[in-house]
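Asker: See final.cif below, with mmCIF, C-alpha atoms and all ligand atoms.
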data_entry
loop_
_atom_site.label_atom_id
_atom_site.label_comp_id
_atom_site.auth_asym_id
_atom_site.auth_seq_id
_atom_site.Cartn_x
_atom_site.Cartn_y
_atom_site.Cartn_z
CA MET A 1 136.17 112.52 -8.06
CA THR A 2 137.95 112.20 -4.75
CA ASN A 3 141.57 113.09 -4.29
CA LYS A 4 143.92 110.98 -2.26
CA TRP A 5 144.82 113.95 -0.04
CA GLU A 6 141.26 114.04 1.21
CA ASP A 7 142.02 110.99 3.34
CA ASN A 8 144.47 113.15 5.26
CA ILE A 9 142.00 115.84 6.14
CA ARG A 10 140.56 115.95 9.65
CA LYS A 11 136.85 115.94 8.97
CA VAL A 12 134.55 117.47 11.55
CA THR A 13 131.02 118.73 11.86
CA PRO A 14 131.44 122.20 13.35
CA TYR A 15 129.47 123.83 16.12
CA VAL A 16 126.91 126.28 14.78
CA PRO A 17 126.79 129.51 16.82
CA GLY A 18 123.64 131.62 17.02
CA GLU A 19 123.14 134.06 14.18
CA GLN A 20 124.69 137.53 14.40
CA PRO A 21 122.16 139.34 12.22
CA GLN A 22 123.21 142.69 10.78
CA GLY A 23 120.86 145.57 10.22
CA THR A 24 118.71 147.95 12.17
CA GLY A 25 115.65 147.44 14.32
CA ILE A 26 116.73 143.95 15.30
CA ILE A 27 116.11 142.58 18.77
CA LYS A 28 118.73 140.00 19.47
CA LEU A 29 117.78 137.46 22.11
CA ASN A 30 119.56 134.46 20.59
CA THR A 31 123.10 134.23 21.96
CA ASN A 32 122.75 135.18 25.64
CA GLU A 33 124.77 138.34 25.35
CA ASN A 34 124.25 140.95 28.04
CA PRO A 35 121.92 143.77 26.92
CA TYR A 36 123.85 146.30 29.02
CA PRO A 37 127.16 147.92 28.10
CA PRO A 38 130.46 147.03 29.81
CA SER A 39 131.40 148.91 32.99
CA PRO A 40 132.63 152.54 33.01
CA GLY A 41 136.14 151.38 33.88
CA VAL A 42 136.20 149.33 30.68
CA TYR A 43 135.44 152.45 28.64
CA GLU A 44 138.19 154.40 30.37
CA THR A 45 140.74 151.65 29.97
CA PHE A 46 139.88 151.29 26.31
CA GLN A 47 140.37 155.01 25.75
CA GLU A 48 143.71 154.95 27.54
CA LEU A 49 145.08 152.06 25.47
CA ASP A 50 148.43 152.95 23.97
CA VAL A 51 148.16 151.90 20.34
CA THR A 52 151.92 152.19 19.90
CA ARG A 53 152.16 149.27 22.32
CA PHE A 54 150.30 147.10 19.80
CA ALA A 55 153.56 146.81 17.85
CA LEU A 56 154.84 144.54 20.62
CA TYR A 57 153.66 141.08 21.59
CA PRO A 58 151.38 140.98 24.63
CA ASP A 59 152.45 139.56 28.00
CA PRO A 60 152.25 135.80 27.30
CA SER A 61 151.24 135.14 30.93
CA ALA A 62 148.54 137.87 30.86
CA THR A 63 149.78 138.71 34.35
CA GLU A 64 147.56 141.74 35.03
CA LEU A 65 144.41 139.78 34.19
CA VAL A 66 145.45 136.57 35.92
CA ARG A 67 146.46 138.39 39.14
CA GLY A 68 143.23 140.38 39.02
CA LEU A 69 141.20 137.19 38.84
CA GLU A 70 143.23 135.46 41.57
CA THR A 71 142.63 138.41 43.88
CA TYR A 72 138.97 138.74 42.95
CA TYR A 73 138.26 135.09 43.71
CA GLY A 74 140.64 134.83 46.71
CA LEU A 75 142.85 132.24 45.03
CA GLU A 76 146.57 131.66 45.23
CA GLU A 77 149.07 132.45 42.53
CA GLY A 78 148.99 129.85 39.77
CA GLN A 79 145.33 128.90 40.16
CA VAL A 80 143.94 130.81 37.15
CA PHE A 81 144.27 130.13 33.42
CA VAL A 82 142.94 132.63 30.86
CA GLY A 83 141.91 132.13 27.24
CA VAL A 84 140.12 133.56 24.23
CA GLY A 85 136.63 133.17 25.62
CA SER A 86 135.66 130.11 27.62
CA ASP A 87 135.28 128.18 24.37
CA ASP A 88 139.04 128.41 23.99
CA VAL A 89 139.55 127.47 27.65
CA LEU A 90 137.14 124.52 27.48
CA SER A 91 138.60 123.26 24.23
CA LEU A 92 142.08 123.35 25.73
CA ALA A 93 140.83 121.65 28.89
CA PHE A 94 139.37 118.82 26.76
CA LEU A 95 142.70 118.48 24.97
CA THR A 96 144.69 118.57 28.21
CA PHE A 97 142.60 116.43 30.54
CA PHE A 98 140.57 114.00 28.44
CA ASN A 99 143.24 111.58 27.27
CA SER A 100 141.72 108.28 28.28
CA ASP A 101 140.29 105.45 26.17
CA LYS A 102 137.24 105.52 28.40
CA PRO A 103 134.38 107.76 27.36
CA ILE A 104 133.95 111.18 28.91
CA LEU A 105 130.48 111.96 30.23
CA PHE A 106 128.18 114.95 29.72
CA PRO A 107 124.37 115.21 29.63
CA ASP A 108 122.37 114.48 26.45
CA VAL A 109 120.97 118.00 26.58
CA THR A 110 123.69 120.56 27.27
CA TYR A 111 126.06 123.00 25.57
CA SER A 112 126.29 121.66 22.04
CA PHE A 113 129.98 122.49 21.72
CA TYR A 114 130.98 119.57 24.01
CA PRO A 115 130.40 116.80 21.44
CA VAL A 116 132.15 118.91 18.80
CA TRP A 117 135.35 119.21 20.83
CA ALA A 118 135.16 115.54 21.71
CA ASP A 119 134.91 114.69 18.00
CA VAL A 120 137.68 116.98 16.85
CA TYR A 121 140.07 115.60 19.50
CA ARG A 122 138.88 112.00 18.97
CA ILE A 123 137.68 111.65 22.56
CA PRO A 124 135.01 108.97 23.05
CA TYR A 125 131.92 110.19 24.93
CA GLU A 126 128.63 109.08 26.43
CA CYS A 127 125.66 111.26 27.20
CA PRO A 128 123.52 110.23 30.18
CA ALA A 129 119.95 111.44 29.66
CA LEU A 130 118.53 114.24 31.79
CA ASP A 131 115.45 113.12 33.73
CA GLU A 132 111.92 114.06 32.56
CA ASP A 133 112.24 117.41 34.31
CA PHE A 134 115.52 118.10 32.46
CA ARG A 135 117.51 117.60 35.68
CA ILE A 136 120.99 116.07 35.79
CA ARG A 137 121.06 112.89 37.90
CA ALA A 138 124.24 112.56 39.95
CA GLU A 139 123.94 108.74 39.91
CA ASP A 140 124.51 108.70 36.15
CA TYR A 141 128.04 110.01 36.68
CA LYS A 142 129.21 107.23 38.97
CA LYS A 143 130.28 104.79 36.27
CA GLU A 144 133.74 104.35 34.77
CA ASN A 145 134.68 107.28 32.58
CA GLY A 146 137.56 109.29 31.16
CA GLY A 147 136.39 112.65 32.52
CA ILE A 148 133.23 114.67 33.09
CA VAL A 149 132.00 118.06 31.92
CA ILE A 150 128.85 119.65 33.30
CA ALA A 151 127.48 123.11 32.65
CA ASN A 152 125.99 124.54 35.83
CA PRO A 153 123.57 126.18 35.40
CA ASN A 154 122.97 124.03 32.35
CA ALA A 155 122.33 125.39 28.87
CA PRO A 156 119.93 125.46 27.16
CA THR A 157 117.71 124.26 30.01
CA SER A 158 118.63 127.19 32.35
CA LEU A 159 118.34 124.91 35.40
CA GLY A 160 120.82 125.04 38.26
CA MET A 161 122.17 122.11 40.22
CA LYS A 162 122.95 122.16 43.95
CA ARG A 163 126.59 122.32 45.00
CA SER A 164 126.06 119.21 47.13
CA GLU A 165 124.93 117.20 44.08
CA LEU A 166 127.92 118.34 42.07
CA GLU A 167 130.18 117.53 45.01
CA GLU A 168 128.81 113.99 44.96
CA ILE A 169 129.90 113.69 41.31
CA ILE A 170 133.33 115.22 41.94
CA ARG A 171 133.92 113.05 45.03
CA SER A 172 132.89 109.86 43.21
CA ASN A 173 135.38 110.49 40.40
CA PRO A 174 138.78 111.08 42.03
CA ASP A 175 140.67 109.49 39.10
CA VAL A 176 139.45 111.85 36.39
CA ILE A 177 139.10 115.60 35.90
CA VAL A 178 135.62 117.04 36.41
CA ILE A 179 135.05 120.32 34.57
CA ILE A 180 132.20 122.53 35.77
CA ASP A 181 131.31 125.15 33.14
CA GLU A 182 129.94 128.10 35.13
CA ALA A 183 129.23 130.38 32.15
CA TYR A 184 125.95 131.52 33.76
CA VAL A 185 126.61 131.10 37.47
CA ASP A 186 126.71 134.85 38.20
CA PHE A 187 122.99 135.08 37.40
CA GLY A 188 121.96 132.92 40.34
CA GLY A 189 123.64 129.53 40.20
CA GLU A 190 125.47 127.84 43.07
CA THR A 191 129.19 127.88 42.37
CA VAL A 192 131.50 124.97 43.20
CA LEU A 193 134.45 127.33 43.79
CA PRO A 194 134.48 126.60 47.56
CA LEU A 195 135.24 122.97 46.66
CA LEU A 196 138.54 123.81 44.94
CA ASP A 197 140.46 123.40 48.20
CA THR A 198 139.06 119.94 48.79
CA TYR A 199 139.13 118.34 45.34
CA GLU A 200 142.21 118.46 43.20
CA ASN A 201 140.35 116.94 40.22
CA LEU A 202 138.00 119.94 39.89
CA LEU A 203 138.31 122.61 37.19
CA VAL A 204 135.88 125.56 37.16
CA VAL A 205 135.46 127.46 33.89
CA ARG A 206 133.94 130.95 33.56
CA THR A 207 133.45 133.60 30.90
CA TYR A 208 133.28 137.38 30.54
CA SER A 209 130.83 136.99 27.66
CA LYS A 210 127.56 136.90 29.55
CA SER A 211 127.65 138.49 33.01
CA ARG A 212 130.44 140.97 32.23
CA SER A 213 129.02 142.28 28.92
CA LEU A 214 132.25 141.54 27.07
CA ALA A 215 131.42 138.83 24.51
CA GLY A 216 133.25 140.82 21.83
CA MET A 217 136.50 140.92 23.80
CA ARG A 218 136.74 137.11 24.04
CA ILE A 219 137.85 136.49 27.62
CA GLY A 220 137.35 133.24 29.52
CA PHE A 221 139.17 131.59 32.39
CA ALA A 222 139.59 128.43 34.39
CA MET A 223 140.25 128.02 38.10
CA GLY A 224 141.77 124.96 39.72
CA ASN A 225 144.76 123.72 41.63
CA ARG A 226 148.20 124.68 40.41
CA ARG A 227 148.96 121.35 38.77
CA LEU A 228 145.86 121.49 36.57
CA ILE A 229 146.55 125.09 35.61
CA GLN A 230 150.18 124.26 34.84
CA ALA A 231 149.13 121.32 32.65
CA MET A 232 146.80 123.57 30.65
CA THR A 233 149.49 126.23 30.36
CA ASP A 234 151.97 123.66 29.02
CA VAL A 235 149.50 122.56 26.33
CA LYS A 236 148.63 126.15 25.45
CA GLU A 237 152.28 127.05 25.14
CA SER A 238 152.71 124.11 22.80
CA ILE A 239 150.12 125.63 20.48
CA ASN A 240 150.12 129.43 20.81
CA SER A 241 152.01 131.48 23.40
CA TYR A 242 150.05 134.68 22.84
CA THR A 243 146.36 134.01 23.09
CA MET A 244 145.32 137.11 25.01
CA THR A 245 145.69 140.48 23.31
CA THR A 246 147.09 143.52 25.08
CA ALA A 247 143.58 145.01 24.93
CA SER A 248 141.80 141.97 26.34
CA ILE A 249 144.27 141.69 29.24
CA ARG A 250 143.82 145.32 30.27
CA ILE A 251 140.07 145.41 29.75
CA GLY A 252 139.49 142.12 31.53
CA ALA A 253 141.37 143.43 34.56
CA ALA A 254 139.46 146.73 34.48
CA SER A 255 136.07 145.01 34.50
CA LEU A 256 136.90 143.35 37.84
CA ARG A 257 137.39 146.72 39.49
CA ASP A 258 133.79 147.88 38.91
CA GLU A 259 132.08 145.57 41.37
CA ASP A 260 129.08 147.83 42.17
CA TYR A 261 128.25 148.25 38.50
CA PHE A 262 128.58 144.51 37.98
CA GLN A 263 126.25 143.63 40.86
CA GLU A 264 123.67 146.22 39.83
CA ARG A 265 123.44 144.92 36.28
CA LEU A 266 123.17 141.35 37.48
CA LYS A 267 120.28 142.37 39.72
CA GLN A 268 118.58 144.09 36.81
CA VAL A 269 118.86 141.02 34.56
CA VAL A 270 117.49 138.79 37.32
CA ALA A 271 114.55 141.18 37.90
CA THR A 272 113.74 141.29 34.17
CA ARG A 273 114.01 137.50 34.02
CA LYS A 274 111.45 137.07 36.78
CA TRP A 275 109.02 139.47 35.18
CA THR A 276 109.52 137.97 31.70
CA LYS A 277 108.84 134.47 33.01
CA ALA A 278 105.55 135.65 34.54
CA GLU A 279 104.56 137.45 31.32
CA LEU A 280 105.32 134.36 29.22
CA GLU A 281 103.28 132.20 31.61
CA LYS A 282 100.35 134.61 31.25
CA ARG A 283 100.56 133.86 27.52
CA GLY A 284 100.35 130.11 28.07
CA PHE A 285 104.07 129.29 27.98
CA GLU A 286 105.68 126.72 30.24
CA VAL A 287 108.95 128.21 31.46
CA LEU A 288 111.71 126.37 33.32
CA ASP A 289 113.15 127.80 36.56
CA SER A 290 116.04 129.83 35.20
CA ARG A 291 119.28 130.52 37.06
CA THR A 292 120.77 132.13 33.95
CA ASN A 293 120.27 135.17 31.71
CA PHE A 294 117.90 133.26 29.43
CA LEU A 295 114.58 131.45 29.63
CA PHE A 296 113.80 128.04 28.21
CA ALA A 297 110.13 128.02 27.30
CA LYS A 298 107.54 126.20 25.24
CA LYS A 299 103.94 126.84 24.34
CA PRO A 300 101.97 123.59 24.34
CA GLY A 301 100.30 123.03 20.98
CA VAL A 302 102.58 125.35 19.00
CA SER A 303 105.89 124.16 17.61
CA GLY A 304 109.10 125.86 18.64
CA GLN A 305 110.11 126.15 15.00
CA GLU A 306 106.90 128.01 14.16
CA ILE A 307 107.26 130.62 16.92
CA PHE A 308 110.96 130.98 16.08
CA GLU A 309 110.21 131.73 12.43
CA LYS A 310 107.32 134.08 13.15
CA LEU A 311 109.39 136.06 15.65
CA ARG A 312 112.20 136.22 13.13
CA ARG A 313 109.84 137.90 10.68
CA GLU A 314 109.20 140.49 13.39
CA LYS A 315 112.99 140.96 13.60
CA ILE A 316 113.16 139.29 16.98
CA PHE A 317 115.85 136.63 17.10
CA VAL A 318 115.60 133.83 19.68
CA ARG A 319 117.31 130.43 19.62
CA HIS A 320 115.66 127.18 18.56
CA PHE A 321 117.34 123.78 18.71
CA ASN A 322 116.24 120.79 16.68
CA GLY A 323 117.20 118.12 19.24
CA GLU A 324 114.44 115.55 19.73
CA ARG A 325 113.84 116.36 23.40
CA ILE A 326 113.97 120.13 23.09
CA LYS A 327 112.50 120.94 19.70
CA ASP A 328 109.31 122.35 21.25
CA TYR A 329 111.31 124.88 23.23
CA LEU A 330 112.75 128.29 22.58
CA ARG A 331 115.75 129.72 24.36
CA ILE A 332 115.14 133.40 24.94
CA THR A 333 117.89 135.69 26.22
CA VAL A 334 116.83 138.15 28.91
CA GLY A 335 117.25 141.58 27.34
CA THR A 336 116.30 145.04 28.58
CA ASP A 337 112.74 145.65 29.77
CA GLU A 338 112.03 147.50 26.51
CA GLN A 339 113.25 144.55 24.44
CA MET A 340 111.04 142.22 26.44
CA ILE A 341 108.01 144.45 25.85
CA SER A 342 108.70 144.22 22.10
CA LEU A 343 108.88 140.45 22.46
CA PHE A 344 105.50 140.31 24.23
CA ASP A 345 103.93 142.62 21.62
CA ALA A 346 105.23 140.36 18.86
CA LEU A 347 103.97 137.22 20.62
CA ASP A 348 100.54 138.79 21.06
CA LYS A 349 100.49 139.55 17.36
CA ILE A 350 101.65 136.19 16.01
CA LEU A 351 100.07 133.69 18.41
C1 LIG B 401 128.36 131.03 26.10
C2 LIG B 401 128.87 129.75 26.67
C3 LIG B 401 130.22 129.41 26.65
C4 LIG B 401 131.26 130.15 25.86
O1 LIG B 401 131.37 131.45 26.03
P1 LIG B 401 132.59 132.27 25.46
O2 LIG B 401 131.96 133.42 24.78
O3 LIG B 401 133.41 131.44 24.54
O4 LIG B 401 133.34 132.64 26.68
C5 LIG B 401 130.62 128.27 27.28
N1 LIG B 401 129.75 127.46 27.88
C6 LIG B 401 128.45 127.72 27.91
C7 LIG B 401 127.53 126.78 28.59
C8 LIG B 401 127.96 128.87 27.29
O5 LIG B 401 126.66 129.10 27.26
#
Could you express the structure from this file as structure tokens?
Answerer:
Amino acid sequence: MTNKWEDNIRKVTPYVPGEQPQGTGIIKLNTNENPYPPSPGVYETFQELDVTRFALYPDPSATELVRGLETYYGLEEGQVFVGVGSDDVLSLAFLTFFNSDKPILFPDVTYSFYPVWADVYRIPYECPALDEDFRIRAEDYKKENGGIVIANPNAPTSLGMKRSELEEIIRSNPDVIVIIDEAYVDFGGETVLPLLDTYENLLVVRTYSKSRSLAGMRIGFAMGNRRLIQAMTDVKESINSYTMTTASIRIGAASLRDEDYFQERLKQVVATRKWTKAELEKRGFEVLDSRTNFLFAKKPGVSGQEIFEKLRREKIFVRHFNGERIKDYLRITVGTDEQMISLFDALDKIL
């Protein structure tokens, strides 16, 4: 029996995040978290948090964090927007900027949250296909559209796009907002940040979840010209004034002050990535050229699903997607060297 009120419910098919398995002895390489702990300054700041202060609302403008980011990236006041992870920031950017009857554009293989936000906000969309090498073709983004979102480097392919190619897309679309999701750029991508001064239709989105080892704190941010940031702020303040907690504001600002630690850990992840790619290739895998903290790999002749399930039995969690073009592949987060050795041992056992 269906009730009349059901017609009034907004029906959506939600995004499915990677599993967060509980238990011991698990090696978690399925959600691209950083295997290293947050910086020493984050620990100190956490310890110094005044719990009494939690009785009060946080600073609705998250000033300490926003100023910290503006200084860190050499931006002017009013060019940074912060949110509860970049998922929150991206979702709000969709709501704020994609208000056209024309379809927004994003690749057929990319972050699988994009179509979910488009659906929940009733935004029409089209998905130009990546080429056979899983590359984004700039030409595909030169047709009429209501906005564009591109992850660079792209997920789950791990491939990076040149700044000049992205500039071509941004330049060809002066009448819509182009969002570049740089969730992984710290691991070796080419950022479009230098283009912010030239293109007022560009919004760059970043996260603390991967490169800054703070997925659990939920901190993301967007950078753009003042008018874009103001528009997002107006929409945010029409929904929820206090998105950032007192803890996330202070900890996010602290992380920015430990630059040496940050650079060292990035270097370590990149070194482990290079070595892991070579080790996977030795075992017959084809591995794409990663600019991220994960590898996108397949073993010809063995299904992605099969390796995924066998690794799972060994308590090693990687990510497998069922999409037609990528079902042979596994997305493997770059962990510590020890975690990677366990992965290789498991692969040698099951394959
Ligand atoms: C992980 C990820 C995000 C979201 O990260 P948050 O944890 O919400 O900051 C956004 N875009 C891409 C491409 C990602 O991989």
Asker: For ligand LIG 401 (chain B), return the neighbouring residues as a ChimeraX atom specification (distance at most 10 Å; only C-alpha atoms and all ligand atoms).
Answerer: /A:17,31-33,83-91,110-114,150-156,158,180-185,205-210,214-221,292-294
Asker: Which is closest to Glu314 in chain A among A:Ile249, A:Asp234, A:Met223, A:Ser342, if we use all atoms listed in the file?
Answerer: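 Checking each candidate against Glu314 in chain A, we get A:Ser342 as the closest.
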Asker: So what do you get for CA of Pro35 in chain A versus CA of Thr336 in chain A, distance-wise?
Answerer: 6.0 Å
Asker: Which of these residues is nearest to Phe187 in chain A, using all atoms listed in the file: A:Phe54, A:Phe262, A:Tyr36, A:Phe308?
Answerer: A:Phe262
Asker: Under the rule that all atoms listed in the file are counted, which of A:Ile229, A:Ile104, A:Ile251, A:Ile341 is the nearest residue to Gly78 in chain A?
Answerer: A:Ile229
Asker: Give me, as a PDB file with C-alpha atoms, in the coordinates of the input, all polymer residues having an atom no more than 8 Å from Ala129 in chain A, counting all atoms listed in the file and skipping those fewer than 6 positions away in the same chain.
Answerer:
ATOM      1  CA  PRO A 107     124.370 115.210  29.630  1.00  0.00           C
ATOM      2  CA  ASP A 108     122.370 114.480  26.450  1.00  0.00           C
ATOM      3  CA  VAL A 109     120.970 118.000  26.580  1.00  0.00           C
ATOM      4  CA  ILE A 136     120.990 116.070  35.790  1.00  0.00           C
TER       5      ILE A 136
END
Asker: Around all the atoms of range 125-142 of chain A listed in the file, draw an axis-aligned box and extend it by 6 Å on each of the six sides; I want its centre and edge lengths in Å to one decimal, as lines of an AutoDock Vina configuration file.
Answerer:
center_x = 121.9
center_y = 112.7
center_z = 32.4
size_x = 32.0
size_y = 22.9
size_z = 27.0
Asker: Please list as a list in words every residue within 10 Å of Phe321 in chain A, counting all atoms listed in the file and excluding residues in the same chain fewer than 4 positions away.
Answerer: Ser112, Pro156, Gly304, Gln305, Phe308, Arg325, Ile326, Lys327, Asp328, Tyr329, Leu330 and Arg331 of chain A
Asker: Provide the CA of Leu351 in chain A to CA of Ala297 in chain A distance in Å, to one decimal place.
Answerer: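 Those two atoms sit 14.6 Å apart.
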Asker: Around the point (146.1, 132.4, 35.4), in the coordinates given by the file, pick out the residues reaching within 8 Å, counting only C-alpha atoms, and return them as a ChimeraX atom specification.
Answerer: /A:61-63,65-67,69-70,77-82,221-223,229
Asker: Include C-alpha atoms and write out the residues we just selected as a PDB file, in the coordinates of the input.
Answerer:
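Wrote it out as part_21.pdb, contents follow:
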ATOM      1  CA  SER A  61     151.240 135.140  30.930  1.00  0.00           C
ATOM      2  CA  ALA A  62     148.540 137.870  30.860  1.00  0.00           C
ATOM      3  CA  THR A  63     149.780 138.710  34.350  1.00  0.00           C
ATOM      4  CA  LEU A  65     144.410 139.780  34.190  1.00  0.00           C
ATOM      5  CA  VAL A  66     145.450 136.570  35.920  1.00  0.00           C
ATOM      6  CA  ARG A  67     146.460 138.390  39.140  1.00  0.00           C
ATOM      7  CA  LEU A  69     141.200 137.190  38.840  1.00  0.00           C
ATOM      8  CA  GLU A  70     143.230 135.460  41.570  1.00  0.00           C
ATOM      9  CA  GLU A  77     149.070 132.450  42.530  1.00  0.00           C
ATOM     10  CA  GLY A  78     148.990 129.850  39.770  1.00  0.00           C
ATOM     11  CA  GLN A  79     145.330 128.900  40.160  1.00  0.00           C
ATOM     12  CA  VAL A  80     143.940 130.810  37.150  1.00  0.00           C
ATOM     13  CA  PHE A  81     144.270 130.130  33.420  1.00  0.00           C
ATOM     14  CA  VAL A  82     142.940 132.630  30.860  1.00  0.00           C
ATOM     15  CA  PHE A 221     139.170 131.590  32.390  1.00  0.00           C
ATOM     16  CA  ALA A 222     139.590 128.430  34.390  1.00  0.00           C
ATOM     17  CA  MET A 223     140.250 128.020  38.100  1.00  0.00           C
ATOM     18  CA  ILE A 229     146.550 125.090  35.610  1.00  0.00           C
TER      19      ILE A 229
END
Asker: Select, from A:Val16, A:Ala346, A:Ile9, A:Val42, the residue with the minimum atom-to-atom distance to Asp258 in chain A, counting all atoms listed in the file.
Answerer: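 Smallest distance to Asp258 in chain A is found for A:Val42.
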Asker: Hey, which of A:Tyr15, A:Gln22, A:Ser290, A:Thr2 ends up closest to Lys315 in chain A? Count only C-alpha atoms.
Answerer: A:Gln22
Asker: Restricting the calculation to all atoms listed in the file, which member of A:Arg283, A:Lys4, A:Arg212, A:Lys299 is positioned closest to Tyr261 in chain A?
Answerer: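 Smallest distance to Tyr261 in chain A is found for A:Arg212.
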Asker: Would you pick out the contacts of Gln339 in chain A at 9 Å or less, using only C-alpha atoms, so that residues sharing its chain but fewer than 6 positions from it are not included, and give the list as a ChimeraX atom specification?
Answerer: /A:27-29
Asker: Please report the interatomic distance between CA of Pro38 in chain A and CA of Asp50 in chain A in Å with one decimal.
Answerer: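 Between CA of Pro38 in chain A and CA of Asp50 in chain A the gap works out to 19.8 Å.
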Asker: Could you list, as a JSON list (two decimals) with C-alpha atoms, in the coordinates of the input, every residue within 12 Å of Val51 in chain A, counting only C-alpha atoms and ignoring same-chain residues fewer than 4 positions away?
Answerer:
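Once written, around13.json looks like this:
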[["chain", "number", "residue", "atom", "x", "y", "z"],
["A", 46, "PHE", "CA", 139.88, 151.29, 26.31],
["A", 47, "GLN", "CA", 140.37, 155.01, 25.75],
["A", 55, "ALA", "CA", 153.56, 146.81, 17.85],
["A", 56, "LEU", "CA", 154.84, 144.54, 20.62],
["A", 246, "THR", "CA", 147.09, 143.52, 25.08],
["A", 247, "ALA", "CA", 143.58, 145.01, 24.93]]
Asker: Save range 7-26 of chain A to disk from that block, N, CA and C atoms included, as a compact mmCIF listing (two decimals), in the first residue's frame.
Answerer:
# COMPACT_ATOMS: atom_id res chain seq x y z
N ASP A 7 4.23 10.81 -2.09
CA ASP A 7 4.45 11.66 -3.26
C ASP A 7 5.25 12.91 -2.89
N ASN A 8 5.20 13.28 -1.63
CA ASN A 8 5.87 14.52 -1.20
C ASN A 8 7.30 14.31 -0.73
N ILE A 9 7.73 13.07 -0.79
CA ILE A 9 9.09 12.80 -0.33
C ILE A 9 10.08 12.99 -1.48
N ARG A 10 11.18 13.63 -1.19
CA ARG A 10 12.26 13.76 -2.17
C ARG A 10 12.99 12.43 -2.25
N LYS A 11 12.86 11.75 -3.35
CA LYS A 11 13.47 10.42 -3.44
C LYS A 11 14.81 10.51 -4.16
N VAL A 12 15.82 9.93 -3.55
CA VAL A 12 17.16 9.99 -4.12
C VAL A 12 17.87 8.65 -3.93
N THR A 13 18.82 8.41 -4.82
CA THR A 13 19.69 7.25 -4.64
C THR A 13 21.00 7.78 -4.07
N PRO A 14 21.29 7.45 -2.82
CA PRO A 14 22.45 8.09 -2.17
C PRO A 14 23.80 7.59 -2.70
N TYR A 15 24.79 8.42 -2.46
CA TYR A 15 26.18 8.03 -2.69
C TYR A 15 26.55 6.95 -1.68
N VAL A 16 27.35 5.98 -2.12
CA VAL A 16 27.77 4.92 -1.20
C VAL A 16 29.26 5.10 -0.90
N PRO A 17 29.60 5.54 0.32
CA PRO A 17 31.02 5.70 0.64
C PRO A 17 31.70 4.34 0.82
N GLY A 18 33.02 4.34 0.76
CA GLY A 18 33.77 3.10 1.01
C GLY A 18 33.50 2.63 2.43
N GLU A 19 33.60 1.32 2.60
CA GLU A 19 33.36 0.72 3.92
C GLU A 19 34.31 1.27 4.98
N GLN A 20 33.83 1.40 6.21
CA GLN A 20 34.71 1.70 7.34
C GLN A 20 34.67 0.47 8.25
N PRO A 21 35.41 -0.57 7.87
CA PRO A 21 35.34 -1.82 8.64
C PRO A 21 35.87 -1.63 10.06
N GLN A 22 35.25 -2.29 11.01
CA GLN A 22 35.70 -2.22 12.40
C GLN A 22 36.38 -3.55 12.72
N GLY A 23 37.31 -3.50 13.65
CA GLY A 23 37.96 -4.74 14.03
C GLY A 23 39.46 -4.57 13.97
N THR A 24 40.17 -5.64 14.31
CA THR A 24 41.63 -5.52 14.37
C THR A 24 42.25 -6.26 13.18
N GLY A 25 43.48 -5.92 12.91
CA GLY A 25 44.24 -6.59 11.86
C GLY A 25 43.79 -6.23 10.46
N ILE A 26 43.01 -5.15 10.35
CA ILE A 26 42.51 -4.76 9.04
C ILE A 26 43.47 -3.78 8.38
